[in-house]
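Only one structure is covered here, and it is reproduced in the block below.
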Amino acid sequence: MLDKHELRELGLTYCRGIDRQDFPLVRSLYHDDAIDDHGDMFKGGPDDYVAWLPSIMAMWDATVHSISNALYEVDGDKAEGELYVVAYHRTHGPDAKEVIVGGRYLDKYEKRDGAWKFSHRSLAMDWCNVQDVRPEDYDTFAAGAVRGRHDAGDASYAELTLFGRMGK
């Protein structure tokens with residue numbers, strides 16, 4: 001159970017790192033010889049993946065990656081996981097679009113030196129929806145709420161002081 005808990009935390013930490021664009025945090029989740037396979041968008045090692053992320057993330061004004069169902073199989077210091085993800089992406093305005101995709105991370109993990117990390121991560125895309133953004137909805141449904149950011153200025157860093165940020 002502890003191994004499965006640690007694996008779930010690994011997946012959730014990945015989502016936080018991507019959405020807050022804390023790329024050093026994302027890099028820390030992969031073994032040096034790992035492979036990330038996002039299909040035609042990217043396939044390669046963790047250093048190249050993290051170097052690629054700023055260019056692809058620059059397309060988005062906001063992202064939210066959410067893990068729902070997560071199944072793990074652990075065999076000693078190796079494990080596999082199937083994590084269902086819904087990933088929200090909003091383009092920059094003025095004619096912003098929402099791109100919402102559903103899929104699964106198909107992960108392989110290894111525990112080395114006492115720490116679970118990704119050894120191979122691939123994405124299986126199950127569905128995609130694109131729609132226009134209605135800016136007035138933000139003020140209607142979230143009036144007065146702090147607007148999230150994907151950098152060190154995000155409210156989570158001020159409010160949740162136990163969560164550090166690896167990158168600047």
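Ordered as shown in the structure tokens, chains take letters A, B, and onward, while each chain numbers its residues from 1 and ligands are numbered from 1 in the order shown.
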Need the shell around Glu73 (chain A): protein/DNA/RNA residues with any atom at most 10 Å away, counting only C-alpha atoms. Skip same-chain ones fewer than 3 positions apart. Format as a PDB file with C-alpha atoms, in the first residue's frame?
ATOM      1  CA  ASP A   3       4.379   1.817  -2.661  1.00  0.00           C
ATOM      2  CA  LYS A   4       1.023   2.501  -4.340  1.00  0.00           C
ATOM      3  CA  GLY A  76       9.390  -5.538  -6.082  1.00  0.00           C
ATOM      4  CA  LYS A  78       9.293  -2.250 -10.550  1.00  0.00           C
ATOM      5  CA  ALA A  79       5.723  -1.137 -11.066  1.00  0.00           C
ATOM      6  CA  GLU A  80       3.244  -0.182 -13.749  1.00  0.00           C
ATOM      7  CA  GLY A  81       0.357   2.235 -13.608  1.00  0.00           C
ATOM      8  CA  GLU A  82      -2.608   3.292 -15.688  1.00  0.00           C
ATOM      9  CA  LYS A 108       6.407   2.193 -15.831  1.00  0.00           C
TER      10      LYS A 108
END
Picked from region 8-158 of chain A by DSSP as helix (DSSP H, G or I), as a ChimeraX atom specification: /A:8-19,23-27,46-57,136-141,155-158
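When only C-alpha atoms are used to compute distances to Ala115 (chain A), the closest of the residues A:Asp40, A:Asp19, A:Asp77, A:Asp47 turns out to be A:Asp77.
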Polymer residues at most 7 Å from Met125 (chain A), only C-alpha atoms, same-chain spacing of 5 or more positions, as a list in words: Gly102, Gly103 and Arg104 of chain A
How would the residues just picked look written out with N, CA and C atoms as a short mmCIF file (atom, residue, chain, number, x, y, z; two decimals), in the first residue's frame?
data_model
loop_
_atom_site.label_atom_id
_atom_site.label_comp_id
_atom_site.auth_asym_id
_atom_site.auth_seq_id
_atom_site.Cartn_x
_atom_site.Cartn_y
_atom_site.Cartn_z
N GLY A 102 -9.04 13.87 -22.80
CA GLY A 102 -9.12 12.76 -21.84
C GLY A 102 -8.26 11.63 -22.34
N GLY A 103 -7.55 11.04 -21.45
CA GLY A 103 -6.69 9.94 -21.84
C GLY A 103 -6.14 9.23 -20.63
N ARG A 104 -5.08 8.49 -20.88
CA ARG A 104 -4.46 7.72 -19.81
C ARG A 104 -2.95 7.80 -19.93
#
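The space between CA of Met166 (chain A) and CA of Gly17 (chain A) spans 9.1 Å.
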10 Å contact set for region 52-60 of chain A, only C-alpha atoms, chain neighbours under 4 positions out, as a count of residues only: 22
DSSP strand (DSSP E or B) selection over region 10-150 of chain A, as JSON, numbers by chain: {"A": [30, 31, 32, 33, 34, 35, 36, 37, 43, 44, 60, 61, 62, 63, 64, 65, 66, 67, 68, 69, 70, 71, 72, 73, 74, 75, 78, 79, 80, 81, 82, 83, 84, 85, 86, 87, 88, 89, 90, 91, 97, 98, 99, 100, 101, 102, 103, 104, 105, 106, 107, 108, 109, 110, 111, 112, 115, 116, 117, 118, 119, 120, 121, 122, 123, 124, 125, 126, 127, 128, 129, 130, 131, 132]}
Residue neighbourhood Ile100 (chain A), 9 Å, only C-alpha atoms, exclusion window fewer than 3 positions, as a VMD selection string: chain A and resid 86 to 90 127 to 131
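What separates CA of Ser66 (chain A) from CA of Leu10 (chain A) is a distance of 13.0 Å.
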For Leu123 (chain A), the nearest of the candidates A:Asp32, A:Thr161, A:Asp107, A:Arg8, counting only C-alpha atoms: A:Asp107
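Across the model, the gap from CA of Leu71 (chain A) to CA of Asp33 (chain A) is 23.8 Å.
Comparing A:Cys15, A:Pro94, A:Thr140, A:Gly114 by their smallest distance to Asp61 (chain A), the closest is A:Pro94 (using only C-alpha atoms).
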